[in-house]
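S.K.: Contents are mmCIF, C-alpha atoms; file name structure-v4.cif:
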```cif
data_model
loop_
_atom_site.group_PDB
_atom_site.id
_atom_site.type_symbol
_atom_site.label_atom_id
_atom_site.label_comp_id
_atom_site.auth_asym_id
_atom_site.auth_seq_id
_atom_site.Cartn_x
_atom_site.Cartn_y
_atom_site.Cartn_z
ATOM 1 C CA SER A 1 267.310 53.641 286.346
ATOM 2 C CA PRO A 2 266.143 54.545 282.775
ATOM 3 C CA PRO A 3 265.018 58.125 282.160
ATOM 4 C CA THR A 4 261.377 58.936 282.477
ATOM 5 C CA THR A 5 259.714 59.993 279.176
ATOM 6 C CA SER A 6 256.382 61.660 278.487
ATOM 7 C CA PRO A 7 253.879 59.490 276.565
ATOM 8 C CA VAL A 8 252.759 62.536 274.605
ATOM 9 C CA ASN A 9 256.195 63.387 273.267
ATOM 10 C CA ASP A 10 257.482 59.869 273.015
ATOM 11 C CA ILE A 11 255.796 59.037 269.611
ATOM 12 C CA ILE A 12 257.412 56.382 267.496
ATOM 13 C CA ASP A 13 256.641 56.459 263.753
ATOM 14 C CA THR A 14 256.277 52.961 262.312
ATOM 15 C CA SER A 15 255.743 52.074 258.689
ATOM 16 C CA THR A 16 254.181 48.752 259.565
ATOM 17 C CA PRO A 17 250.752 48.679 261.239
ATOM 18 C CA THR A 18 250.366 46.821 264.485
ATOM 19 C CA THR A 19 249.049 43.301 264.313
ATOM 20 C CA SER A 20 246.065 44.184 266.441
ATOM 21 C CA PRO A 21 244.397 47.447 267.362
ATOM 22 C CA THR A 22 245.339 49.125 270.588
ATOM 23 C CA VAL A 23 242.976 48.906 273.474
ATOM 24 C CA THR A 24 242.883 52.648 273.972
ATOM 25 C CA PRO A 25 242.821 55.275 271.230
ATOM 26 C CA SER A 26 245.813 57.466 270.576
ATOM 27 C CA LEU A 27 245.976 60.738 272.427
ATOM 28 C CA ARG A 28 245.814 62.785 269.271
ATOM 29 C CA PRO A 29 245.170 62.087 265.567
ATOM 30 C CA SER A 30 248.054 61.611 263.260
ATOM 31 C CA SER A 31 248.903 64.374 260.828
ATOM 32 C CA LEU A 32 248.778 62.025 257.859
ATOM 33 C CA PRO A 33 245.810 59.990 256.616
ATOM 34 C CA SER A 34 246.061 56.241 256.608
ATOM 35 C CA SER A 35 247.623 54.818 253.466
ATOM 36 C CA ILE A 36 244.653 52.555 252.684
ATOM 37 C CA PRO A 37 241.012 53.535 253.333
ATOM 38 C CA THR A 38 238.912 51.257 255.443
ATOM 39 C CA LEU A 39 236.245 49.395 253.432
ATOM 40 C CA SER A 40 233.209 47.987 255.135
ATOM 41 C CA GLN A 41 229.833 46.595 254.020
ATOM 42 C CA ALA A 42 228.317 47.574 257.337
ATOM 43 C CA PRO A 43 226.767 51.013 257.729
ATOM 44 C CA SER A 44 228.464 53.591 259.869
ATOM 45 C CA ARG A 45 227.242 54.010 263.408
ATOM 46 C CA GLU A 46 226.011 57.515 262.745
ATOM 47 C CA PRO A 47 224.892 59.166 259.480
ATOM 48 C CA THR A 48 227.345 61.320 257.698
ATOM 49 C CA ASP A 49 226.763 65.038 257.321
ATOM 50 C CA PRO A 50 224.079 65.940 254.784
ATOM 51 C CA PRO A 51 225.235 67.050 251.352
ATOM 52 C CA SER A 52 225.861 70.688 250.898
ATOM 53 C CA LEU A 53 223.091 72.684 249.282
ATOM 54 C CA SER A 54 223.792 75.732 247.205
ATOM 55 C CA ALA A 55 221.710 77.946 244.954
ATOM 56 C CA ILE A 56 224.884 79.049 243.246
ATOM 57 C CA PRO A 57 225.828 77.112 240.107
ATOM 58 C CA SER A 58 229.285 75.767 239.532
ATOM 59 C CA GLN A 59 231.877 78.341 238.592
ATOM 60 C CA LYS A 60 231.920 77.379 234.934
ATOM 61 C CA PRO A 61 229.940 74.897 232.818
ATOM 62 C CA THR A 62 231.542 71.839 231.334
ATOM 63 C CA ASN A 63 232.550 72.114 227.719
ATOM 64 C CA VAL A 64 232.055 68.436 226.963
ATOM 65 C CA PRO A 65 228.578 67.123 226.076
ATOM 66 C CA SER A 66 227.139 63.995 227.639
ATOM 67 C CA ILE A 67 228.133 60.718 225.991
ATOM 68 C CA SER A 68 224.684 60.209 224.410
ATOM 69 C CA PRO A 69 221.440 62.219 224.404
ATOM 70 C CA THR A 70 218.446 61.102 226.437
ATOM 71 C CA LEU A 71 215.821 59.518 224.193
ATOM 72 C CA SER A 72 212.147 59.276 225.129
ATOM 73 C CA PHE A 73 208.928 58.694 223.208
ATOM 74 C CA MET A 74 206.919 60.283 225.991
ATOM 75 C CA PRO A 75 206.085 64.001 225.890
ATOM 76 C CA SER A 76 207.921 66.330 228.214
ATOM 77 C CA ALA A 77 206.385 66.990 231.612
ATOM 78 C CA ALA A 78 205.279 70.432 230.498
ATOM 79 C CA PRO A 79 204.573 70.296 226.742
ATOM 80 C CA ILE A 80 204.055 73.403 224.681
ATOM 81 C CA GLN A 81 200.408 74.326 225.028
ATOM 82 C CA TYR A 82 198.334 73.276 222.021
ATOM 83 C CA SER A 83 196.336 75.971 220.278
ATOM 84 C CA ARG A 84 193.726 75.014 217.706
ATOM 85 C CA PRO A 85 193.906 77.236 214.590
ATOM 86 C CA THR A 86 191.026 79.450 213.544
ATOM 87 C CA ARG A 87 188.434 77.810 211.309
ATOM 88 C CA VAL A 88 188.152 78.894 207.656
ATOM 89 C CA ASP A 89 184.385 79.259 207.349
ATOM 90 C CA ILE A 90 184.235 79.438 203.555
ATOM 91 C CA ARG A 91 184.733 75.655 203.415
ATOM 92 C CA TYR A 92 181.341 75.125 205.044
ATOM 93 C CA VAL A 93 179.336 77.314 202.697
ATOM 94 C CA PRO A 94 177.286 75.200 200.216
ATOM 95 C CA TRP A 95 178.696 75.093 196.690
ATOM 96 C CA ASN A 96 175.783 76.911 195.056
ATOM 97 C CA GLU A 97 176.154 79.776 197.507
ATOM 98 C CA LEU A 98 179.791 80.382 196.580
ATOM 99 C CA ASP A 99 180.576 83.205 194.194
ATOM 100 C CA PRO A 100 181.976 82.187 190.781
ATOM 101 C CA GLU A 101 185.517 83.261 191.666
ATOM 102 C CA THR A 102 185.563 81.111 194.822
ATOM 103 C CA GLN A 103 184.145 78.169 192.868
ATOM 104 C CA LYS A 104 186.959 78.554 190.345
ATOM 105 C CA ILE A 105 189.586 78.514 193.096
ATOM 106 C CA ALA A 106 187.959 75.446 194.633
ATOM 107 C CA MET A 107 187.956 73.686 191.255
ATOM 108 C CA ASN A 108 191.703 74.296 191.042
ATOM 109 C CA LEU A 109 191.861 72.154 194.190
ATOM 110 C CA ASP A 110 189.873 69.397 192.426
ATOM 111 C CA TYR A 111 186.614 70.217 194.177
ATOM 112 C CA THR A 112 183.290 69.703 192.452
ATOM 113 C CA ASN A 113 179.766 70.427 193.564
ATOM 114 C CA THR A 114 179.608 66.935 195.062
ATOM 115 C CA THR A 115 183.019 66.771 196.737
ATOM 116 C CA TRP A 116 182.680 70.285 198.119
ATOM 117 C CA ASN A 117 179.301 69.538 199.691
ATOM 118 C CA GLU A 118 180.396 66.175 201.094
ATOM 119 C CA TYR A 119 183.133 66.467 203.686
ATOM 120 C CA GLY A 120 186.075 64.141 203.182
ATOM 121 C CA ALA A 121 185.060 63.201 199.622
ATOM 122 C CA ASN A 122 187.874 65.049 197.833
ATOM 123 C CA PRO A 123 191.140 63.030 197.837
ATOM 124 C CA ILE A 124 193.124 66.244 198.275
ATOM 125 C CA GLU A 125 191.877 66.401 201.854
ATOM 126 C CA GLU A 126 194.012 63.339 202.621
ATOM 127 C CA SER A 127 197.163 65.387 201.964
ATOM 128 C CA SER A 128 198.950 67.548 204.499
ATOM 129 C CA TRP A 129 200.023 71.052 203.540
ATOM 130 C CA GLU A 130 203.591 69.927 202.869
ATOM 131 C CA ASP A 131 202.341 67.262 200.453
ATOM 132 C CA LEU A 132 200.461 69.794 198.320
ATOM 133 C CA THR A 133 202.037 71.249 195.207
ATOM 134 C CA SER A 134 202.977 74.925 195.131
ATOM 135 C CA GLU A 135 199.990 75.615 192.889
ATOM 136 C CA GLN A 136 197.659 73.875 195.327
ATOM 137 C CA THR A 137 198.984 75.780 198.338
ATOM 138 C CA SER A 138 198.596 79.028 196.389
ATOM 139 C CA ASN A 139 194.929 78.267 195.697
ATOM 140 C CA ALA A 140 194.342 77.093 199.250
ATOM 141 C CA SER A 141 195.848 80.347 200.480
ATOM 142 C CA LEU A 142 193.355 82.261 198.348
ATOM 143 C CA LEU A 143 190.582 80.476 200.244
ATOM 144 C CA GLY A 144 192.146 81.630 203.514
ATOM 145 C CA TYR A 145 194.213 78.603 204.502
ATOM 146 C CA ASP A 146 197.755 78.337 205.758
ATOM 147 C CA MET A 147 199.692 75.308 206.920
ATOM 148 C CA LYS A 148 198.149 75.155 210.395
ATOM 149 C CA SER A 149 194.529 75.675 209.367
ATOM 150 C CA TRP A 150 194.739 73.289 206.400
ATOM 151 C CA ASP A 151 196.381 70.491 208.362
ATOM 152 C CA CYS A 152 193.836 70.778 211.157
ATOM 153 C CA TRP A 153 190.499 71.716 209.530
ATOM 154 C CA ILE A 154 190.948 69.918 206.201
ATOM 155 C CA ASN A 155 193.463 67.113 206.732
ATOM 156 C CA HIS A 156 192.916 66.649 210.490
ATOM 157 C CA TYR A 157 196.617 65.661 210.649
ATOM 158 C CA GLU A 158 195.877 62.382 208.863
ATOM 159 C CA GLY A 159 198.775 63.049 206.486
ATOM 160 C CA TYR A 160 201.302 63.131 209.335
ATOM 161 C CA ARG A 161 203.578 60.367 210.555
ATOM 162 C CA TRP A 162 202.927 59.194 214.084
ATOM 163 C CA ILE A 163 206.406 60.200 215.267
ATOM 164 C CA ASP A 164 205.831 63.761 214.047
ATOM 165 C CA MET A 165 202.657 64.432 216.013
ATOM 166 C CA GLY A 166 204.427 65.184 219.273
ATOM 167 C CA GLN A 167 206.749 67.779 217.772
ATOM 168 C CA PRO A 168 206.642 71.193 219.483
ATOM 169 C CA PHE A 169 205.072 72.921 216.492
ATOM 170 C CA ILE A 170 202.278 70.286 216.220
ATOM 171 C CA GLN A 171 201.475 68.798 219.664
ATOM 172 C CA VAL A 172 198.437 66.714 218.635
ATOM 173 C CA LEU A 173 199.632 63.283 219.739
ATOM 174 C CA GLN A 174 197.729 63.641 223.010
ATOM 175 C CA TRP A 175 194.390 63.964 221.182
ATOM 176 C CA PHE A 176 194.942 60.934 218.961
ATOM 177 C CA THR A 177 196.048 58.904 221.979
ATOM 178 C CA SER A 178 192.863 59.914 223.779
ATOM 179 C CA LEU A 179 190.888 58.557 220.812
ATOM 180 C CA GLY A 180 192.644 55.212 221.171
ATOM 181 C CA TRP A 181 195.262 55.476 218.423
ATOM 182 C CA ASP A 182 198.810 54.224 218.779
ATOM 183 C CA ILE A 183 201.658 53.721 216.335
ATOM 184 C CA GLN A 184 200.474 50.214 215.431
ATOM 185 C CA SER A 185 196.938 51.262 214.501
ATOM 186 C CA TRP A 186 198.142 54.469 212.826
ATOM 187 C CA THR A 187 200.457 52.547 210.509
ATOM 188 C CA GLY A 188 197.789 49.950 209.721
ATOM 189 C CA LYS A 189 199.457 47.083 211.562
ATOM 190 C CA LYS A 190 196.324 46.574 213.629
ATOM 191 C CA GLU A 191 192.704 47.678 213.437
ATOM 192 C CA ALA A 192 191.728 51.296 214.021
ATOM 193 C CA PRO A 193 190.433 52.078 217.538
ATOM 194 C CA GLU A 194 186.769 51.814 218.403
ATOM 195 C CA SER A 195 186.303 55.590 218.262
ATOM 196 C CA ASP A 196 186.953 55.542 214.520
ATOM 197 C CA PHE A 197 183.755 53.551 213.996
ATOM 198 C CA LYS A 198 181.538 55.733 216.173
ATOM 199 C CA THR A 199 179.318 58.593 215.090
ATOM 200 C CA TRP A 200 179.761 61.960 216.781
ATOM 201 C CA TYR A 201 177.154 61.345 219.458
ATOM 202 C CA GLU A 202 178.408 57.837 220.121
ATOM 203 C CA LEU A 203 181.767 59.240 221.197
ATOM 204 C CA THR A 204 182.303 59.824 224.884
ATOM 205 C CA SER A 205 182.529 63.430 226.041
ATOM 206 C CA GLU A 206 186.305 63.040 226.383
ATOM 207 C CA GLU A 207 186.557 61.611 222.863
ATOM 208 C CA ARG A 208 184.443 64.431 221.410
ATOM 209 C CA PHE A 209 186.692 66.972 223.133
ATOM 210 C CA SER A 210 189.782 65.348 221.617
ATOM 211 C CA ALA A 211 188.130 65.193 218.187
ATOM 212 C CA ALA A 212 187.233 68.875 218.472
ATOM 213 C CA GLN A 213 190.898 69.697 219.169
ATOM 214 C CA LEU A 214 191.646 67.974 215.844
ATOM 215 C CA CYS A 215 189.197 70.399 214.202
ATOM 216 C CA TYR A 216 186.305 67.993 213.849
ATOM 217 C CA PHE A 217 182.701 68.844 214.551
ATOM 218 C CA ARG A 218 179.604 66.730 214.076
ATOM 219 C CA MET A 219 179.209 67.083 210.319
ATOM 220 C CA THR A 220 182.891 66.666 209.453
ATOM 221 C CA TRP A 221 183.333 63.744 211.843
ATOM 222 C CA ASN A 222 180.316 61.986 210.320
ATOM 223 C CA GLU A 223 181.303 63.167 206.815
ATOM 224 C CA VAL A 224 177.741 64.127 205.949
ATOM 225 C CA GLU A 225 176.581 66.185 203.009
ATOM 226 C CA VAL A 226 175.830 69.882 203.048
ATOM 227 C CA PHE A 227 172.085 70.307 202.690
ATOM 228 C CA SER A 228 171.647 73.109 200.214
ATOM 229 C CA ASN A 229 171.110 73.498 196.519
ATOM 230 C CA GLY A 230 170.007 77.104 196.133
ATOM 231 C CA GLY A 231 166.541 78.223 197.278
ATOM 232 C CA PHE A 232 164.816 75.376 199.102
ATOM 233 C CA PRO A 233 167.050 72.446 198.356
ATOM 234 C CA ILE A 234 165.484 69.166 199.390
ATOM 235 C CA GLU A 235 162.689 67.361 197.624
ATOM 236 C CA LYS A 236 159.583 66.855 199.714
ATOM 237 C CA PRO A 237 158.861 63.186 200.594
ATOM 238 C CA GLY A 238 155.215 63.297 199.507
ATOM 239 C CA PHE A 239 154.248 59.892 200.925
ATOM 240 C CA ARG A 240 154.828 61.158 204.476
ATOM 241 C CA PHE A 241 151.886 63.509 204.080
ATOM 242 C CA ASP A 242 149.449 60.839 202.928
ATOM 243 C CA HIS A 243 146.845 59.504 205.344
ATOM 244 C CA TRP A 244 147.819 56.333 207.204
ATOM 245 C CA TRP A 245 145.258 54.179 205.414
ATOM 246 C CA LYS A 246 146.232 55.530 201.988
ATOM 247 C CA LEU A 247 149.751 54.149 202.338
ATOM 248 C CA ASP A 248 150.731 50.974 200.562
ATOM 249 C CA ASP A 249 150.407 47.991 202.844
ATOM 250 C CA GLU A 250 154.138 47.351 202.696
ATOM 251 C CA VAL A 251 154.987 50.948 203.584
ATOM 252 C CA ARG A 252 152.518 50.974 206.463
ATOM 253 C CA GLU A 253 153.917 47.708 207.829
ATOM 254 C CA ILE A 254 157.488 49.006 207.791
ATOM 255 C CA ALA A 255 156.434 52.288 209.391
ATOM 256 C CA ASP A 256 154.583 50.359 212.070
ATOM 257 C CA LYS A 257 157.062 47.618 212.933
ATOM 258 C CA SER A 258 160.426 49.261 212.278
ATOM 259 C CA LEU A 259 159.797 52.956 212.946
ATOM 260 C CA LYS A 260 157.100 52.519 215.617
ATOM 261 C CA TYR A 261 154.454 54.650 213.895
ATOM 262 C CA SER A 262 150.785 54.198 214.591
ATOM 263 C CA GLU A 263 147.777 55.636 212.813
ATOM 264 C CA LEU A 264 147.714 58.523 215.272
ATOM 265 C CA THR A 265 151.449 59.342 215.249
ATOM 266 C CA TRP A 266 151.550 59.111 211.452
ATOM 267 C CA ASN A 267 148.564 61.345 210.859
ATOM 268 C CA VAL A 268 149.723 63.974 213.387
ATOM 269 C CA LEU A 269 153.048 65.308 212.121
ATOM 270 C CA GLY A 270 155.722 65.569 214.799
ATOM 271 C CA LEU A 271 153.924 63.314 217.278
ATOM 272 C CA GLY A 272 155.986 60.171 216.626
ATOM 273 C CA ALA A 273 158.926 59.704 218.997
ATOM 274 C CA VAL A 274 161.168 58.680 216.105
ATOM 275 C CA GLU A 275 160.761 62.128 214.547
ATOM 276 C CA ALA A 276 162.602 63.724 217.477
ATOM 277 C CA ARG A 277 165.836 62.048 216.314
ATOM 278 C CA ASP A 278 167.993 63.025 213.354
ATOM 279 C CA TRP A 279 169.232 60.450 210.873
ATOM 280 C CA MET A 280 172.612 59.960 212.532
ATOM 281 C CA ARG A 281 170.893 58.749 215.711
ATOM 282 C CA PHE A 282 169.084 55.943 213.913
ATOM 283 C CA THR A 283 170.069 52.360 214.435
ATOM 284 C CA SER A 284 171.227 50.438 211.379
ATOM 285 C CA SER A 285 167.845 48.663 211.171
ATOM 286 C CA GLU A 286 165.991 51.984 211.339
ATOM 287 C CA VAL A 287 168.150 53.406 208.557
ATOM 288 C CA GLU A 288 167.432 50.350 206.424
ATOM 289 C CA ALA A 289 163.690 50.650 207.070
ATOM 290 C CA ALA A 290 163.567 54.387 206.375
ATOM 291 C CA GLU A 291 165.520 53.983 203.141
ATOM 292 C CA SER A 292 163.233 51.180 201.978
ATOM 293 C CA ILE A 293 160.249 53.519 202.306
ATOM 294 C CA GLY A 294 161.939 56.316 200.412
ATOM 295 C CA TRP A 295 163.733 58.522 202.906
ATOM 296 C CA ASN A 296 167.397 59.486 202.984
ATOM 297 C CA GLN A 297 169.357 61.572 205.458
ATOM 298 C CA ALA A 298 168.572 64.864 203.739
ATOM 299 C CA THR A 299 164.807 64.333 203.405
ATOM 300 C CA TRP A 300 164.440 62.972 206.924
ATOM 301 C CA ASP A 301 166.513 65.606 208.724
ATOM 302 C CA CYS A 302 164.881 68.448 206.816
ATOM 303 C CA TRP A 303 161.224 67.439 206.365
ATOM 304 C CA ILE A 304 160.729 65.190 209.387
ATOM 305 C CA ASN A 305 163.207 66.220 212.088
ATOM 306 C CA HIS A 306 163.485 69.833 210.819
ATOM 307 C CA PHE A 307 167.086 69.805 212.060
ATOM 308 C CA ARG A 308 165.855 69.971 215.660
ATOM 309 C CA SER A 309 168.551 67.566 216.816
ATOM 310 C CA TYR A 310 171.398 69.548 215.236
#
```
Show me this structure written as structure tokens.

M.R.:
Amino acid sequence: SPPTTSPVNDIIDTSTPTTSPTVTPSLRPSSLPSSIPTLSQAPSREPTDPPSLSAIPSQKPTNVPSISPTLSFMPSAAPIQYSRPTRVDIRYVPWNELDPETQKIAMNLDYTNTTWNEYGANPIEESSWEDLTSEQTSNASLLGYDMKSWDCWINHYEGYRWIDMGQPFIQVLQWFTSLGWDIQSWTGKKEAPESDFKTWYELTSEERFSAAQLCYFRMTWNEVEVFSNGGFPIEKPGFRFDHWWKLDDEVREIADKSLKYSELTWNVLGLGAVEARDWMRFTSSEVEAAESIGWNQATWDCWINHFRSY
């Protein structure tokens, strides 16, 4: 009879796989991996072990950069915190209250009595610091400005390109976006956002906050004039102090129908509801009516409203 052999020791190595799998598994794994991995679209019966986690970095960094940098027009998740520069208060002193030396410096920046007292009227304010000549930056420095304060409080970043506003040393893109600007409106390819046509008090609270971060406040946003001319500056509107029935019929009719005065509210100064509002809170029809009688923003806000709404 043939010799008896042990199934454990009697292992035959074949280079060709069997045509069909064995019914029972082998008693022990082979010492060599299979020559071809098994590929399957079906998931494994049980999940594989979780990936290893380690707080230790790799032994050495790679010395080859990535194929191409990551490009994004969105700000980083944690942008550099924006800090509004300190205001240079000399710019908001009326021209006739400036000393002669300061007036001379301002004139070197093309300011006049008129353009100094009316915010946004001097074309130089449309230029960023980098667009100024060396002589202009020298004179601006004498007034107390540097690049940050000029670009914010004078230019309000209007001289910047849209793509530059998100740079780490600027970080103002968020405020312009909040006001409704985008690259199309900034470059003039479509109309400016609605906020650009609003007065200060017509802005929402969020819009006013964003405008304030761009160094605007009510008078610079509305680009109003500075009300001063040395001593008491504004001419008294004498007709307002005439009795109701001494007014011209046309004036009385306009005051009645357009400004809602009556004999009583006209003759008692400060009683009319309209006098509680400053000029910038008038409707366009109220402005037209007030101007036709003889008022302007300066005479109304000073003599009628007494700057109570400021």

S.K.: Quote the spacing between atom CA of A:Val93 and atom CA of A:Thr299 in Å to one decimal place.

M.R.: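 Calculated distance between atom CA of A:Val93 and atom CA of A:Thr299 is 19.5 Å.
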
S.K.: For A:Asn139, which residue out of A:Met165, A:Gly120, A:Cys152, A:Glu101 is the nearest one, using only C-alpha atoms?

M.R.: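 The shortest atom-to-atom distance to A:Asn139 comes from A:Glu101.
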
S.K.: Record the distance separating atom CA of A:Phe282 and atom CA of A:Ala298, expressed in Å with one decimal.

M.R.: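 Interatomic distance, atom CA of A:Phe282 to atom CA of A:Ala298: 13.5 Å.
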
S.K.: Taking (162.9, 52.7, 199.4) in the coordinates of the supplied file, I want to know which residues reach to within 12 Å of it, counting only C-alpha atoms; could you give the answer as number ranges by chain?

M.R.: A: 237, 239, 250-251, 254-255, 287-296

S.K.: Could you state the separation of atom CA of A:Leu179 and atom CA of A:Asp196 in Å, given to one decimal place?

M.R.: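 Result for atom CA of A:Leu179 versus atom CA of A:Asp196: 8.0 Å, one decimal.
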
S.K.: Residues near A:Met280, anyone? I mean within 9 Å using all atoms listed in the file, not counting same-chain ones fewer than 6 positions away, as a list in words.

M.R.: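 These residues fall inside the cut-off: Thr199, Trp200, Tyr201, Asn222, Val287 and Gln297 of chain A.
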
S.K.: Please enumerate the residues selected by the PyMOL selection byres ((chain A and resi 122-133) around 7) when evaluated against the supplied file, formatted as number ranges by chain.

M.R.: A: 111, 115, 120-121, 134-137, 147, 150-151, 154-155, 157-160

S.K.: Could you list the residues chosen by the PyMOL selection byres ((chain A and resi 273) around 12) in this structure as a PDB file with C-alpha atoms, in the coordinates of the input?

M.R.:
```
ATOM      1  CA  LEU A 259     159.797  52.956 212.946  1.00  0.00           C
ATOM      2  CA  LYS A 260     157.100  52.519 215.617  1.00  0.00           C
ATOM      3  CA  TYR A 261     154.454  54.650 213.895  1.00  0.00           C
ATOM      4  CA  SER A 262     150.785  54.198 214.591  1.00  0.00           C
ATOM      5  CA  LEU A 264     147.714  58.523 215.272  1.00  0.00           C
ATOM      6  CA  THR A 265     151.449  59.342 215.249  1.00  0.00           C
ATOM      7  CA  TRP A 266     151.550  59.111 211.452  1.00  0.00           C
ATOM      8  CA  VAL A 268     149.723  63.974 213.387  1.00  0.00           C
ATOM      9  CA  LEU A 269     153.048  65.308 212.121  1.00  0.00           C
ATOM     10  CA  GLY A 270     155.722  65.569 214.799  1.00  0.00           C
ATOM     11  CA  LEU A 271     153.924  63.314 217.278  1.00  0.00           C
ATOM     12  CA  GLY A 272     155.986  60.171 216.626  1.00  0.00           C
ATOM     13  CA  VAL A 274     161.168  58.680 216.105  1.00  0.00           C
ATOM     14  CA  GLU A 275     160.761  62.128 214.547  1.00  0.00           C
ATOM     15  CA  ALA A 276     162.602  63.724 217.477  1.00  0.00           C
ATOM     16  CA  ARG A 277     165.836  62.048 216.314  1.00  0.00           C
ATOM     17  CA  ASP A 278     167.993  63.025 213.354  1.00  0.00           C
ATOM     18  CA  PHE A 282     169.084  55.943 213.913  1.00  0.00           C
ATOM     19  CA  ILE A 304     160.729  65.190 209.387  1.00  0.00           C
ATOM     20  CA  ASN A 305     163.207  66.220 212.088  1.00  0.00           C
TER      21      ASN A 305
END
```

S.K.: For the file shown, report as a PyMOL selection string the outcome of the PyMOL selection byres ((chain A and resi 82) around 12) at residue level.

M.R.: chain A and resi 78-81+83-85+148+165-175+210+213-214

S.K.: Point out the residue among A:Asn267, A:Ser285, A:Thr220, A:Gln103 with the least atom-to-atom distance to A:Trp153, counting all atoms listed in the file.

M.R.: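 Of the candidates, the smallest distance to A:Trp153 is held by A:Thr220.
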
S.K.: So, counting all atoms listed in the file, which residue among A:Glu253, A:Asp164, A:Thr112, A:Thr177 is closest to A:Asn96?

M.R.: A:Thr112

S.K.: Give the answer as one residue: which of A:Ala140, A:Glu263, A:Leu203, A:Lys104 has the shortest atom-to-atom distance to A:Trp244, using only C-alpha atoms?

M.R.: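 Using only C-alpha atoms, the shortest distance to A:Trp244 belongs to A:Glu263.
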
S.K.: Considering all atoms listed in the file, state which residue in the set A:Phe197, A:Phe176, A:Tyr119, A:Tyr145 is at the smallest distance from A:Asp89.

M.R.: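 Among the listed residues, A:Tyr145 lies closest to A:Asp89.
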
S.K.: Can you pull out the residues contacting stretch 141-144 of chain A? Cut-off 10 Å, using only C-alpha atoms, and skip same-chain residues under 6 positions away; I want them as a list in words.

M.R.: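 Counting only the stated atoms, we get Arg87, Val88, Asp89, Ile90, Arg91, Thr102, Ile105, Ala106, Glu135 and Trp150 of chain A.
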
S.K.: Would you kindly place N, CA and C atoms on stretch 233-244 of chain A and return the model as a PDB file, keeping the file's coordinate frame?

M.R.:
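Result file follows (result-v7.pdb):
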```
ATOM      1  N   PRO A 233     166.228  73.418 199.072  1.00  0.00           N
ATOM      2  CA  PRO A 233     167.050  72.446 198.356  1.00  0.00           C
ATOM      3  C   PRO A 233     166.520  71.027 198.273  1.00  0.00           C
ATOM      4  N   ILE A 234     165.696  70.598 199.222  1.00  0.00           N
ATOM      5  CA  ILE A 234     165.484  69.166 199.390  1.00  0.00           C
ATOM      6  C   ILE A 234     164.062  68.789 198.989  1.00  0.00           C
ATOM      7  N   GLU A 235     163.983  67.795 198.153  1.00  0.00           N
ATOM      8  CA  GLU A 235     162.689  67.361 197.624  1.00  0.00           C
ATOM      9  C   GLU A 235     161.793  66.844 198.740  1.00  0.00           C
ATOM     10  N   LYS A 236     160.546  67.243 198.689  1.00  0.00           N
ATOM     11  CA  LYS A 236     159.583  66.855 199.714  1.00  0.00           C
ATOM     12  C   LYS A 236     159.197  65.382 199.563  1.00  0.00           C
ATOM     13  N   PRO A 237     159.294  64.590 200.657  1.00  0.00           N
ATOM     14  CA  PRO A 237     158.861  63.186 200.594  1.00  0.00           C
ATOM     15  C   PRO A 237     157.340  63.104 200.694  1.00  0.00           C
ATOM     16  N   GLY A 238     156.672  63.159 199.537  1.00  0.00           N
ATOM     17  CA  GLY A 238     155.215  63.297 199.507  1.00  0.00           C
ATOM     18  C   GLY A 238     154.461  62.214 200.257  1.00  0.00           C
ATOM     19  N   PHE A 239     154.968  60.996 200.281  1.00  0.00           N
ATOM     20  CA  PHE A 239     154.248  59.892 200.925  1.00  0.00           C
ATOM     21  C   PHE A 239     154.040  60.139 202.412  1.00  0.00           C
ATOM     22  N   ARG A 240     154.949  60.923 203.033  1.00  0.00           N
ATOM     23  CA  ARG A 240     154.828  61.158 204.476  1.00  0.00           C
ATOM     24  C   ARG A 240     153.577  61.970 204.788  1.00  0.00           C
ATOM     25  N   PHE A 241     153.024  62.642 203.845  1.00  0.00           N
ATOM     26  CA  PHE A 241     151.886  63.509 204.080  1.00  0.00           C
ATOM     27  C   PHE A 241     150.580  62.876 203.603  1.00  0.00           C
ATOM     28  N   ASP A 242     150.657  61.604 203.236  1.00  0.00           N
ATOM     29  CA  ASP A 242     149.449  60.839 202.928  1.00  0.00           C
ATOM     30  C   ASP A 242     148.828  60.312 204.217  1.00  0.00           C
ATOM     31  N   HIS A 243     147.521  60.087 204.194  1.00  0.00           N
ATOM     32  CA  HIS A 243     146.845  59.504 205.344  1.00  0.00           C
ATOM     33  C   HIS A 243     147.337  58.075 205.564  1.00  0.00           C
ATOM     34  N   TRP A 244     147.329  57.661 206.825  1.00  0.00           N
ATOM     35  CA  TRP A 244     147.819  56.333 207.204  1.00  0.00           C
ATOM     36  C   TRP A 244     147.215  55.223 206.350  1.00  0.00           C
TER      37      TRP A 244
END
```
